[in-house]
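Data file: structure18.pdb. Format and content: PDB, C-alpha atoms, pLDDT in the B column.
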```pdb
ATOM      1  CA  MET A   5      -8.859  22.796  -6.006  1.00 25.00           C
ATOM      2  CA  GLN A   6      -7.142  20.897  -8.807  1.00 30.00           C
ATOM      3  CA  PHE A   7      -4.184  18.909  -7.515  1.00 33.00           C
ATOM      4  CA  ARG A   8      -1.044  20.274  -9.109  1.00 36.00           C
ATOM      5  CA  VAL A   9       2.178  18.857 -10.448  1.00 39.00           C
ATOM      6  CA  SER A  10       5.192  20.707  -9.095  1.00 43.00           C
ATOM      7  CA  PRO A  11       7.867  22.053 -11.448  1.00 44.00           C
ATOM      8  CA  ASN A  12      10.198  19.363 -12.649  1.00 44.00           C
ATOM      9  CA  THR A  13      13.414  19.740 -10.676  1.00 47.00           C
ATOM     10  CA  LEU A  14      15.056  16.474 -11.683  1.00 52.00           C
ATOM     11  CA  GLY A  15      16.076  17.336 -15.222  1.00 53.00           C
ATOM     12  CA  GLU A  16      15.578  14.062 -17.059  1.00 58.00           C
ATOM     13  CA  SER A  17      12.315  13.021 -15.395  1.00 75.00           C
ATOM     14  CA  SER A  18       9.240  12.924 -17.601  1.00 92.00           C
ATOM     15  CA  ALA A  19       5.974  14.516 -16.511  1.00 95.00           C
ATOM     16  CA  GLU A  20       4.626  11.012 -15.805  1.00 97.00           C
ATOM     17  CA  GLN A  21       7.628  10.164 -13.656  1.00 97.00           C
ATOM     18  CA  TRP A  22       7.331  13.423 -11.706  1.00 97.00           C
ATOM     19  CA  GLN A  23       3.615  12.815 -11.096  1.00 97.00           C
ATOM     20  CA  ALA A  24       4.463   9.338  -9.799  1.00 98.00           C
ATOM     21  CA  ARG A  25       6.955  10.916  -7.385  1.00 98.00           C
ATOM     22  CA  VAL A  26       4.344  13.417  -6.190  1.00 98.00           C
ATOM     23  CA  ASP A  27       1.724  10.696  -5.688  1.00 98.00           C
ATOM     24  CA  LEU A  28       4.147   8.374  -3.890  1.00 98.00           C
ATOM     25  CA  ALA A  29       5.240  11.223  -1.603  1.00 98.00           C
ATOM     26  CA  ALA A  30       1.545  11.891  -0.911  1.00 98.00           C
ATOM     27  CA  ALA A  31       1.043   8.213  -0.043  1.00 98.00           C
ATOM     28  CA  HIS A  32       3.881   8.383   2.509  1.00 98.00           C
ATOM     29  CA  ARG A  33       2.521  11.547   4.135  1.00 98.00           C
ATOM     30  CA  LEU A  34      -1.034  10.209   4.173  1.00 98.00           C
ATOM     31  CA  ALA A  35       0.085   6.892   5.664  1.00 98.00           C
ATOM     32  CA  PHE A  36       1.799   8.797   8.467  1.00 98.00           C
ATOM     33  CA  MET A  37      -1.339  10.905   8.945  1.00 97.00           C
ATOM     34  CA  HIS A  38      -3.463   7.744   9.153  1.00 98.00           C
ATOM     35  CA  GLY A  39      -1.091   6.011  11.583  1.00 97.00           C
ATOM     36  CA  PHE A  40      -0.056   3.242   9.195  1.00 98.00           C
ATOM     37  CA  ASN A  41       3.728   3.531   9.612  1.00 95.00           C
ATOM     38  CA  GLU A  42       6.038   2.048  12.229  1.00 95.00           C
ATOM     39  CA  GLY A  43       9.288   3.945  12.719  1.00 94.00           C
ATOM     40  CA  ILE A  44      11.443   3.980   9.570  1.00 94.00           C
ATOM     41  CA  PHE A  45      11.174   0.316   8.581  1.00 91.00           C
ATOM     42  CA  ASN A  46       8.010   0.116   6.444  1.00 95.00           C
ATOM     43  CA  HIS A  47       8.096   0.655   2.700  1.00 97.00           C
ATOM     44  CA  LEU A  48       5.985   2.110  -0.117  1.00 98.00           C
ATOM     45  CA  THR A  49       7.479   1.620  -3.583  1.00 98.00           C
ATOM     46  CA  PHE A  50       6.454   2.158  -7.199  1.00 98.00           C
ATOM     47  CA  VAL A  51       8.013   1.081 -10.491  1.00 98.00           C
ATOM     48  CA  VAL A  52       9.504   4.056 -12.345  1.00 98.00           C
ATOM     49  CA  PRO A  53       7.140   4.802 -15.279  1.00 97.00           C
ATOM     50  CA  GLY A  54       8.754   3.797 -18.549  1.00 95.00           C
ATOM     51  CA  ARG A  55      11.538   1.977 -16.684  1.00 93.00           C
ATOM     52  CA  GLY A  56      10.497  -1.521 -15.703  1.00 91.00           C
ATOM     53  CA  ASP A  57      14.003  -2.211 -14.391  1.00 96.00           C
ATOM     54  CA  ARG A  58      13.902   0.190 -11.422  1.00 98.00           C
ATOM     55  CA  TYR A  59      11.586   1.443  -8.705  1.00 98.00           C
ATOM     56  CA  TYR A  60      11.260   4.446  -6.356  1.00 98.00           C
ATOM     57  CA  GLN A  61      12.402   4.000  -2.738  1.00 98.00           C
ATOM     58  CA  ILE A  62      13.121   6.561  -0.012  1.00 98.00           C
ATOM     59  CA  PRO A  63      16.635   6.672   1.480  1.00 98.00           C
ATOM     60  CA  PHE A  64      17.056   4.533   4.589  1.00 97.00           C
ATOM     61  CA  GLY A  65      16.450   6.632   7.688  1.00 97.00           C
ATOM     62  CA  MET A  66      13.943   9.061   6.185  1.00 98.00           C
ATOM     63  CA  HIS A  67      10.696   9.349   8.149  1.00 97.00           C
ATOM     64  CA  TRP A  68       7.440   9.209   6.182  1.00 98.00           C
ATOM     65  CA  SER A  69       6.381  12.584   7.587  1.00 97.00           C
ATOM     66  CA  GLU A  70       9.270  14.281   5.759  1.00 97.00           C
ATOM     67  CA  VAL A  71       9.092  12.596   2.343  1.00 98.00           C
ATOM     68  CA  THR A  72       8.821  14.889  -0.688  1.00 98.00           C
ATOM     69  CA  ALA A  73       8.611  14.158  -4.399  1.00 98.00           C
ATOM     70  CA  SER A  74      12.326  14.798  -4.842  1.00 97.00           C
ATOM     71  CA  SER A  75      13.311  12.444  -1.979  1.00 97.00           C
ATOM     72  CA  PHE A  76      13.158   9.183  -3.914  1.00 98.00           C
ATOM     73  CA  MET A  77      16.049   7.142  -5.135  1.00 98.00           C
ATOM     74  CA  GLU A  78      15.660   4.989  -8.238  1.00 98.00           C
ATOM     75  CA  VAL A  79      16.782   1.466  -7.287  1.00 98.00           C
ATOM     76  CA  GLY A  80      17.594  -1.344  -9.711  1.00 98.00           C
ATOM     77  CA  ILE A  81      15.123  -4.222  -9.457  1.00 98.00           C
ATOM     78  CA  ASP A  82      17.739  -6.813 -10.406  1.00 97.00           C
ATOM     79  CA  ASP A  83      20.742  -5.604  -8.405  1.00 97.00           C
ATOM     80  CA  GLY A  84      19.459  -3.291  -5.648  1.00 97.00           C
ATOM     81  CA  GLU A  85      21.878  -0.542  -6.657  1.00 97.00           C
ATOM     82  CA  VAL A  86      20.988   3.169  -6.580  1.00 98.00           C
ATOM     83  CA  LYS A  87      20.624   4.270 -10.198  1.00 97.00           C
ATOM     84  CA  ARG A  88      19.578   7.831  -9.447  1.00 97.00           C
ATOM     85  CA  GLY A  89      19.421   9.966  -6.335  1.00 97.00           C
ATOM     86  CA  GLU A  90      21.322   9.621  -3.095  1.00 96.00           C
ATOM     87  CA  GLY A  91      21.005   7.496   0.026  1.00 97.00           C
ATOM     88  CA  GLU A  92      21.295   3.968   1.339  1.00 97.00           C
ATOM     89  CA  VAL A  93      18.964   1.157   0.247  1.00 97.00           C
ATOM     90  CA  GLU A  94      17.158  -0.421   3.206  1.00 97.00           C
ATOM     91  CA  ARG A  95      17.797  -4.116   2.678  1.00 96.00           C
ATOM     92  CA  SER A  96      14.440  -5.609   3.631  1.00 97.00           C
ATOM     93  CA  CYS A  97      12.642  -3.178   1.326  1.00 98.00           C
ATOM     94  CA  TYR A  98      14.675  -4.380  -1.623  1.00 98.00           C
ATOM     95  CA  CYS A  99      14.359  -8.054  -0.668  1.00 98.00           C
ATOM     96  CA  ILE A 100      10.562  -7.882  -0.328  1.00 97.00           C
ATOM     97  CA  HIS A 101       9.584  -5.347  -2.975  1.00 98.00           C
ATOM     98  CA  ALA A 102      11.898  -5.911  -5.933  1.00 98.00           C
ATOM     99  CA  PRO A 103      10.941  -9.588  -6.463  1.00 98.00           C
ATOM    100  CA  ILE A 104       7.237  -8.744  -6.147  1.00 98.00           C
ATOM    101  CA  HIS A 105       7.548  -5.892  -8.660  1.00 98.00           C
ATOM    102  CA  LYS A 106       9.375  -8.251 -11.016  1.00 98.00           C
ATOM    103  CA  ALA A 107       7.058 -11.249 -10.675  1.00 98.00           C
ATOM    104  CA  LEU A 108       3.578  -9.734 -10.609  1.00 97.00           C
ATOM    105  CA  PRO A 109       2.158  -7.571 -13.411  1.00 91.00           C
ATOM    106  CA  GLN A 110      -0.443  -6.043 -11.046  1.00 91.00           C
ATOM    107  CA  ALA A 111       2.303  -4.914  -8.644  1.00 98.00           C
ATOM    108  CA  LYS A 112       3.578  -1.634 -10.045  1.00 98.00           C
ATOM    109  CA  ALA A 113       2.924  -0.318  -6.534  1.00 98.00           C
ATOM    110  CA  VAL A 114       3.906  -2.403  -3.497  1.00 98.00           C
ATOM    111  CA  PHE A 115       2.984  -1.011  -0.085  1.00 98.00           C
ATOM    112  CA  HIS A 116       4.177  -2.803   3.068  1.00 98.00           C
ATOM    113  CA  THR A 117       3.221  -1.589   6.556  1.00 98.00           C
ATOM    114  CA  HIS A 118       2.895  -2.728  10.144  1.00 98.00           C
ATOM    115  CA  MET A 119      -0.513  -1.054  10.614  1.00 97.00           C
ATOM    116  CA  PRO A 120      -1.778  -1.741  14.150  1.00 98.00           C
ATOM    117  CA  TYR A 121      -5.166  -3.383  13.554  1.00 98.00           C
ATOM    118  CA  ALA A 122      -4.315  -5.489  10.513  1.00 98.00           C
ATOM    119  CA  SER A 123      -0.967  -6.427  12.057  1.00 98.00           C
ATOM    120  CA  ALA A 124      -2.787  -7.459  15.237  1.00 98.00           C
ATOM    121  CA  LEU A 125      -4.810  -9.944  13.209  1.00 98.00           C
ATOM    122  CA  THR A 126      -1.593 -11.410  11.752  1.00 98.00           C
ATOM    123  CA  ARG A 127      -0.626 -12.344  15.322  1.00 98.00           C
ATOM    124  CA  LEU A 128      -3.667 -14.585  15.732  1.00 97.00           C
ATOM    125  CA  GLU A 129      -3.888 -18.293  14.998  1.00 96.00           C
ATOM    126  CA  ASP A 130      -6.727 -17.409  12.609  1.00 96.00           C
ATOM    127  CA  PRO A 131      -5.963 -14.020  11.008  1.00 97.00           C
ATOM    128  CA  ARG A 132      -8.697 -14.211   8.360  1.00 97.00           C
ATOM    129  CA  ILE A 133     -10.967 -11.274   7.650  1.00 97.00           C
ATOM    130  CA  LYS A 134     -14.480 -12.519   8.413  1.00 97.00           C
ATOM    131  CA  GLU A 135     -17.385 -11.833   6.069  1.00 96.00           C
ATOM    132  CA  ILE A 136     -19.391  -9.957   8.690  1.00 97.00           C
ATOM    133  CA  GLY A 137     -19.951  -6.619   6.956  1.00 96.00           C
ATOM    134  CA  GLN A 138     -19.840  -4.762   3.675  1.00 94.00           C
ATOM    135  CA  THR A 139     -16.241  -3.530   3.880  1.00 94.00           C
ATOM    136  CA  GLU A 140     -14.955  -6.907   5.028  1.00 96.00           C
ATOM    137  CA  VAL A 141     -16.735  -8.730   2.209  1.00 96.00           C
ATOM    138  CA  GLY A 142     -15.455  -6.215  -0.337  1.00 93.00           C
ATOM    139  CA  MET A 143     -11.884  -6.977   0.708  1.00 93.00           C
ATOM    140  CA  SER A 144     -12.068 -10.693   1.512  1.00 90.00           C
ATOM    141  CA  GLY A 145     -11.886 -12.056  -2.021  1.00 91.00           C
ATOM    142  CA  LYS A 146      -8.713 -10.087  -2.718  1.00 95.00           C
ATOM    143  CA  ILE A 147      -6.664 -11.337   0.231  1.00 98.00           C
ATOM    144  CA  ALA A 148      -3.846 -13.890   0.245  1.00 98.00           C
ATOM    145  CA  TYR A 149      -2.585 -15.255   3.571  1.00 98.00           C
ATOM    146  CA  ASP A 150       1.010 -16.214   4.271  1.00 97.00           C
ATOM    147  CA  ASP A 151       0.958 -18.468   7.316  1.00 94.00           C
ATOM    148  CA  GLU A 152       4.725 -18.808   7.729  1.00 90.00           C
ATOM    149  CA  TYR A 153       6.868 -16.071   9.251  1.00 92.00           C
ATOM    150  CA  THR A 154      10.474 -16.858   8.367  1.00 88.00           C
ATOM    151  CA  GLY A 155      12.251 -13.946  10.083  1.00 89.00           C
ATOM    152  CA  PRO A 156      13.479 -10.602   8.722  1.00 89.00           C
ATOM    153  CA  ALA A 157      13.573 -10.501   4.923  1.00 89.00           C
ATOM    154  CA  LEU A 158      17.259 -10.095   4.067  1.00 90.00           C
ATOM    155  CA  ASP A 159      17.348 -12.235   0.919  1.00 95.00           C
ATOM    156  CA  PRO A 160      15.425 -11.634  -2.341  1.00 96.00           C
ATOM    157  CA  ALA A 161      14.308 -15.271  -2.191  1.00 96.00           C
ATOM    158  CA  GLU A 162      11.851 -14.206   0.525  1.00 96.00           C
ATOM    159  CA  GLY A 163      10.265 -11.607  -1.767  1.00 97.00           C
ATOM    160  CA  ALA A 164       9.996 -14.221  -4.519  1.00 97.00           C
ATOM    161  CA  ARG A 165       8.279 -16.570  -2.069  1.00 97.00           C
ATOM    162  CA  LEU A 166       5.837 -13.841  -1.048  1.00 97.00           C
ATOM    163  CA  ALA A 167       5.089 -13.055  -4.700  1.00 98.00           C
ATOM    164  CA  GLY A 168       4.088 -16.694  -5.111  1.00 98.00           C
ATOM    165  CA  VAL A 169       1.781 -16.451  -2.109  1.00 98.00           C
ATOM    166  CA  ILE A 170       0.122 -13.281  -3.442  1.00 98.00           C
ATOM    167  CA  GLY A 171      -0.551 -14.763  -6.876  1.00 97.00           C
ATOM    168  CA  ASP A 172      -3.501 -12.940  -8.419  1.00 97.00           C
ATOM    169  CA  LYS A 173      -4.565 -11.291  -5.136  1.00 97.00           C
ATOM    170  CA  THR A 174      -3.897  -7.681  -4.160  1.00 98.00           C
ATOM    171  CA  VAL A 175      -3.631  -7.837  -0.346  1.00 98.00           C
ATOM    172  CA  LEU A 176      -1.239 -10.031   1.637  1.00 98.00           C
ATOM    173  CA  PHE A 177      -1.559 -10.866   5.340  1.00 98.00           C
ATOM    174  CA  MET A 178       1.973 -11.750   6.489  1.00 98.00           C
ATOM    175  CA  ALA A 179       1.922 -14.067   9.513  1.00 97.00           C
ATOM    176  CA  ASN A 180       3.273 -12.522  12.742  1.00 97.00           C
ATOM    177  CA  HIS A 181       4.378  -9.518  10.711  1.00 96.00           C
ATOM    178  CA  GLY A 182       2.212  -7.052   8.787  1.00 97.00           C
ATOM    179  CA  ILE A 183       0.358  -6.271   5.573  1.00 98.00           C
ATOM    180  CA  SER A 184       1.269  -5.683   1.959  1.00 98.00           C
ATOM    181  CA  THR A 185      -0.938  -4.342  -0.804  1.00 98.00           C
ATOM    182  CA  VAL A 186      -0.187  -4.183  -4.503  1.00 98.00           C
ATOM    183  CA  GLY A 187      -1.757  -2.209  -7.312  1.00 98.00           C
ATOM    184  CA  GLU A 188      -1.433  -1.049 -10.886  1.00 98.00           C
ATOM    185  CA  THR A 189      -1.475   2.503  -9.528  1.00 98.00           C
ATOM    186  CA  ILE A 190      -0.480   4.253  -6.324  1.00 98.00           C
ATOM    187  CA  ALA A 191      -4.147   5.101  -5.769  1.00 98.00           C
ATOM    188  CA  ASP A 192      -5.116   1.411  -5.997  1.00 98.00           C
ATOM    189  CA  ALA A 193      -2.490   0.294  -3.485  1.00 98.00           C
ATOM    190  CA  TYR A 194      -3.304   3.092  -1.037  1.00 98.00           C
ATOM    191  CA  ASP A 195      -7.045   2.533  -1.253  1.00 98.00           C
ATOM    192  CA  ARG A 196      -6.509  -1.148  -0.383  1.00 98.00           C
ATOM    193  CA  LEU A 197      -4.183  -0.218   2.473  1.00 98.00           C
ATOM    194  CA  TYR A 198      -6.789   2.145   3.899  1.00 98.00           C
ATOM    195  CA  TYR A 199      -9.740  -0.221   3.662  1.00 97.00           C
ATOM    196  CA  ILE A 200      -7.972  -3.347   4.882  1.00 98.00           C
ATOM    197  CA  GLU A 201      -6.975  -1.486   8.038  1.00 98.00           C
ATOM    198  CA  ARG A 202     -10.573  -0.305   8.499  1.00 97.00           C
ATOM    199  CA  ALA A 203     -11.881  -3.847   8.007  1.00 97.00           C
ATOM    200  CA  ALA A 204      -9.380  -5.192  10.548  1.00 98.00           C
ATOM    201  CA  GLN A 205     -10.230  -2.435  13.023  1.00 98.00           C
ATOM    202  CA  VAL A 206     -13.981  -3.094  12.861  1.00 97.00           C
ATOM    203  CA  GLN A 207     -13.463  -6.859  13.136  1.00 97.00           C
ATOM    204  CA  ILE A 208     -11.291  -6.449  16.227  1.00 98.00           C
ATOM    205  CA  TYR A 209     -13.876  -4.114  17.786  1.00 98.00           C
ATOM    206  CA  ALA A 210     -16.575  -6.712  17.097  1.00 98.00           C
ATOM    207  CA  MET A 211     -14.404  -9.477  18.594  1.00 97.00           C
ATOM    208  CA  TRP A 212     -13.831  -7.389  21.721  1.00 97.00           C
ATOM    209  CA  THR A 213     -17.535  -7.580  22.580  1.00 97.00           C
ATOM    210  CA  GLY A 214     -17.198 -11.306  23.167  1.00 97.00           C
ATOM    211  CA  GLN A 215     -20.388 -11.958  21.232  1.00 98.00           C
ATOM    212  CA  PRO A 216     -20.516 -14.383  18.275  1.00 97.00           C
ATOM    213  CA  LEU A 217     -19.690 -12.776  14.929  1.00 97.00           C
ATOM    214  CA  LYS A 218     -22.669 -12.608  12.558  1.00 97.00           C
ATOM    215  CA  LYS A 219     -21.555 -13.951   9.180  1.00 95.00           C
ATOM    216  CA  LEU A 220     -23.463 -12.800   6.130  1.00 96.00           C
ATOM    217  CA  PRO A 221     -25.309 -15.436   4.027  1.00 96.00           C
ATOM    218  CA  ASP A 222     -23.369 -16.744   1.025  1.00 95.00           C
ATOM    219  CA  ALA A 223     -25.806 -15.212  -1.470  1.00 96.00           C
ATOM    220  CA  VAL A 224     -25.392 -11.779   0.117  1.00 95.00           C
ATOM    221  CA  VAL A 225     -21.611 -12.198   0.141  1.00 94.00           C
ATOM    222  CA  GLU A 226     -21.584 -12.904  -3.597  1.00 93.00           C
ATOM    223  CA  LYS A 227     -23.882  -9.969  -4.375  1.00 93.00           C
ATOM    224  CA  THR A 228     -21.847  -7.627  -2.193  1.00 92.00           C
ATOM    225  CA  ARG A 229     -18.570  -8.647  -3.807  1.00 90.00           C
ATOM    226  CA  ARG A 230     -20.076  -8.033  -7.220  1.00 87.00           C
ATOM    227  CA  ASP A 231     -21.626  -4.665  -6.446  1.00 87.00           C
ATOM    228  CA  ILE A 232     -19.423  -3.225  -3.681  1.00 82.00           C
ATOM    229  CA  SER A 233     -17.654  -0.432  -5.580  1.00 69.00           C
ATOM    230  CA  GLY A 234     -20.555   0.511  -7.831  1.00 71.00           C
ATOM    231  CA  ALA A 235     -17.873   1.462 -10.379  1.00 70.00           C
ATOM    232  CA  TYR A 236     -20.131   0.526 -13.302  1.00 76.00           C
ATOM    233  CA  LEU A 237     -22.561   3.268 -12.258  1.00 80.00           C
ATOM    234  CA  TYR A 238     -20.080   6.098 -12.794  1.00 83.00           C
ATOM    235  CA  LYS A 239     -18.008   7.558 -15.584  1.00 88.00           C
ATOM    236  CA  GLY A 240     -14.464   8.790 -15.205  1.00 91.00           C
ATOM    237  CA  PRO A 241     -11.943   7.882 -12.487  1.00 94.00           C
ATOM    238  CA  THR A 242     -12.255   4.693 -10.468  1.00 93.00           C
ATOM    239  CA  PRO A 243     -13.523   4.886  -6.873  1.00 93.00           C
ATOM    240  CA  ALA A 244      -9.961   4.240  -5.678  1.00 95.00           C
ATOM    241  CA  GLN A 245      -8.629   7.139  -7.731  1.00 96.00           C
ATOM    242  CA  ARG A 246     -11.412   9.439  -6.516  1.00 96.00           C
ATOM    243  CA  HIS A 247     -10.609   8.465  -2.918  1.00 97.00           C
ATOM    244  CA  PHE A 248      -6.881   9.126  -3.363  1.00 98.00           C
ATOM    245  CA  ASP A 249      -7.530  12.442  -5.124  1.00 98.00           C
ATOM    246  CA  ALA A 250      -9.748  13.527  -2.219  1.00 98.00           C
ATOM    247  CA  LEU A 251      -7.027  12.606   0.271  1.00 98.00           C
ATOM    248  CA  LYS A 252      -4.463  14.537  -1.761  1.00 98.00           C
ATOM    249  CA  ARG A 253      -6.658  17.639  -1.646  1.00 98.00           C
ATOM    250  CA  ILE A 254      -6.646  17.419   2.153  1.00 97.00           C
ATOM    251  CA  LEU A 255      -2.882  16.986   2.145  1.00 97.00           C
ATOM    252  CA  ASP A 256      -2.415  19.817  -0.335  1.00 96.00           C
ATOM    253  CA  ARG A 257      -4.041  22.190   2.150  1.00 96.00           C
ATOM    254  CA  LYS A 258      -2.172  20.889   5.194  1.00 94.00           C
ATOM    255  CA  GLU A 259       1.307  19.994   3.902  1.00 93.00           C
ATOM    256  CA  PRO A 260       1.882  21.315   0.370  1.00 92.00           C
ATOM    257  CA  ASP A 261       5.663  20.946   0.655  1.00 95.00           C
ATOM    258  CA  TYR A 262       5.461  17.196  -0.074  1.00 96.00           C
ATOM    259  CA  ALA A 263       4.983  17.988  -3.786  1.00 95.00           C
ATOM    260  CA  SER A 264       8.413  19.644  -4.051  1.00 95.00           C
TER     261      SER A 264
END
```

What does this structure look like when you write it as structure tokens?
Amino acid sequence: MQFRVSPNTLGESSAEQWQARVDLAAAHRLAFMHGFNEGIFNHLTFVVPGRGDRYYQIPFGMHWSEVTASSFMEVGIDDGEVKRGEGEVERSCYCIHAPIHKALPQAKAVFHTHMPYASALTRLEDPRIKEIGQTEVGMSGKIAYDDEYTGPALDPAEGARLAGVIGDKTVLFMANHGISTVGETIADAYDRLYYIERAAQVQIYAMWTGQPLKKLPDAVVEKTRRDISGAYLYKGPTPAQRHFDALKRILDRKEPDYAS
């Protein structure tokens, strides 16, 4: 079934902006379905298409299981004020996400979660993803590690610091805290969120055995990094977009109200 765009109920929104709302609502519902959220304090945001000065954020207190396309506020990147919609801006979301959106061109989407397996790794002295399997190798070259937890992020200076740590990477391990992924698209950021949690889960399972981890040879690591997605073999949407579209089809059957 072709994934649909719901009727535009927000008056001034363009078709591209409405599709972004639908996709971001899908990301929230899917993240809840996959067990990525923790209460009401994690955040998935996306820069409003055509408006580089604001981003979409859900009102503080809304659970990810109830997010719909019309739920989002538009929040000013520079001042944290609600430009459109209704609700209160959760402070740590603004202080982490707005500076990252502003500083990094690859960060139109910024997804921050306290996913259990990846967050468990951030609690270790050595939180690094080990190059012990295909998925882990595919992710490892994209990861930045922040080794300093500084407390709750209640000042935009913390988001600016994190943007500097991310640099040209697309996944951030936040010491004693959680994970952030960034992407040019919502599909990119969600795909990275999904696979980094899978990589962390498998690594923790392997560590639980108590046996030594079997690292892949350097030559195999390089080949795997180069060939992992196989994107050059296919025409059309990227593997990340195909993955997200498949997940949306599942969601469209189970919870179609999110697109309203």

Could you tell me which residues the PyMOL selection byres ((chain A and resi 243) around 12) returns for this structure, as a ChimeraX atom specification? /A:191-192,194-196,232-242,244-250

List, as a PyMOL selection string, every residue that the PyMOL selection byres ((chain A and resi 18-33) around 7) selects in the file provided. chain A and resi 9+12+16-17+34-37+52-53+68-69+71-73+190+194+252+262-263

Residues matched by the PyMOL selection byres ((chain A and resi 76-82) around 6) as a PyMOL selection string: chain A and resi 57-62+74-75+83-89+102

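When CA of Ser96 (chain A) is paired with CA of Asn41 (chain A), their separation reads 15.3 Å.
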
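If you look at CA of Tyr98 (chain A) and CA of Gly187 (chain A), they are 17.5 Å away from each other.
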
Could you give me, as a PyMOL selection string, the residues within 7 Å of region 105-116 of chain A, counting all atoms listed in the file and dropping anything in the same chain fewer than 6 positions from it? chain A and resi 46-51+167+183-190+193

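Pairwise distance (CA of Gly91 (chain A), CA of Leu251 (chain A)) equals 28.5 Å.
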
Between A:Leu125, A:Asp130, A:Glu90, A:Ala164, which is the closest to Tyr209 (chain A) once you count all atoms listed in the file? A:Leu125

Pick from A:His181, A:Arg230, A:Lys258, A:Arg55, whichever lies nearest to Met119 (chain A) using only C-alpha atoms: A:His181

Tell me, as a ChimeraX atom specification, which residues lie within 10 Å of Glu152 (chain A), counting only C-alpha atoms; anything in the same chain fewer than 6 positions away does not count. /A:178-181

For Arg202 (chain A), work out the shell of residues within 12 Å, counting only C-alpha atoms and skipping chain neighbours fewer than 5 positions away, then give it as a ChimeraX atom specification. /A:38-40,119-123,133,137-140,142-143,195-197,207-209

Taking C-alpha atoms for each residue, export the selection above as a short mmCIF file (atom, residue, chain, number, x, y, z; two decimals), in the coordinates of the input.
```cif
data_model
loop_
_atom_site.label_atom_id
_atom_site.label_comp_id
_atom_site.auth_asym_id
_atom_site.auth_seq_id
_atom_site.Cartn_x
_atom_site.Cartn_y
_atom_site.Cartn_z
CA HIS A 38 -3.46 7.74 9.15
CA GLY A 39 -1.09 6.01 11.58
CA PHE A 40 -0.06 3.24 9.20
CA MET A 119 -0.51 -1.05 10.61
CA PRO A 120 -1.78 -1.74 14.15
CA TYR A 121 -5.17 -3.38 13.55
CA ALA A 122 -4.32 -5.49 10.51
CA SER A 123 -0.97 -6.43 12.06
CA ILE A 133 -10.97 -11.27 7.65
CA GLY A 137 -19.95 -6.62 6.96
CA GLN A 138 -19.84 -4.76 3.68
CA THR A 139 -16.24 -3.53 3.88
CA GLU A 140 -14.96 -6.91 5.03
CA GLY A 142 -15.46 -6.22 -0.34
CA MET A 143 -11.88 -6.98 0.71
CA ASP A 195 -7.04 2.53 -1.25
CA ARG A 196 -6.51 -1.15 -0.38
CA LEU A 197 -4.18 -0.22 2.47
CA GLN A 207 -13.46 -6.86 13.14
CA ILE A 208 -11.29 -6.45 16.23
CA TYR A 209 -13.88 -4.11 17.79
#
```

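Shortest separation to His118 (chain A) among A:Asp172, A:Glu201, A:Glu70, A:Asp261 occurs at residue A:Glu201, atoms counted being only C-alpha atoms.
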
Can you complete the atoms of region 87-95 of chain A to N, CA, C and O atoms and list them as a tab-separated table (two decimals), in the coordinates of the input?
```
chain	number	residue	atom	x	y	z
A	87	LYS	N	20.39	3.82	-8.83
A	87	LYS	CA	20.62	4.27	-10.20
A	87	LYS	C	20.51	5.79	-10.34
A	87	LYS	O	21.05	6.37	-11.27
A	88	ARG	N	19.79	6.38	-9.40
A	88	ARG	CA	19.58	7.83	-9.45
A	88	ARG	C	19.20	8.29	-8.05
A	88	ARG	O	18.48	7.60	-7.34
A	89	GLY	N	19.69	9.46	-7.67
A	89	GLY	CA	19.42	9.97	-6.34
A	89	GLY	C	20.52	9.57	-5.37
A	89	GLY	O	21.54	8.99	-5.75
A	90	GLU	N	20.31	9.88	-4.10
A	90	GLU	CA	21.32	9.62	-3.10
A	90	GLU	C	20.70	8.97	-1.86
A	90	GLU	O	19.55	9.25	-1.52
A	91	GLY	N	21.46	8.13	-1.19
A	91	GLY	CA	21.00	7.50	0.03
A	91	GLY	C	21.34	6.02	0.03
A	91	GLY	O	21.84	5.46	-0.95
A	92	GLU	N	21.03	5.39	1.16
A	92	GLU	CA	21.30	3.97	1.34
A	92	GLU	C	20.01	3.18	1.15
A	92	GLU	O	18.93	3.62	1.56
A	93	VAL	N	20.11	2.02	0.51
A	93	VAL	CA	18.96	1.16	0.25
A	93	VAL	C	18.70	0.28	1.47
A	93	VAL	O	19.56	-0.51	1.86
A	94	GLU	N	17.52	0.44	2.08
A	94	GLU	CA	17.16	-0.42	3.21
A	94	GLU	C	16.96	-1.84	2.67
A	94	GLU	O	16.18	-2.07	1.76
A	95	ARG	N	17.68	-2.78	3.27
A	95	ARG	CA	17.80	-4.12	2.68
A	95	ARG	C	16.47	-4.86	2.59
A	95	ARG	O	16.16	-5.48	1.56
```
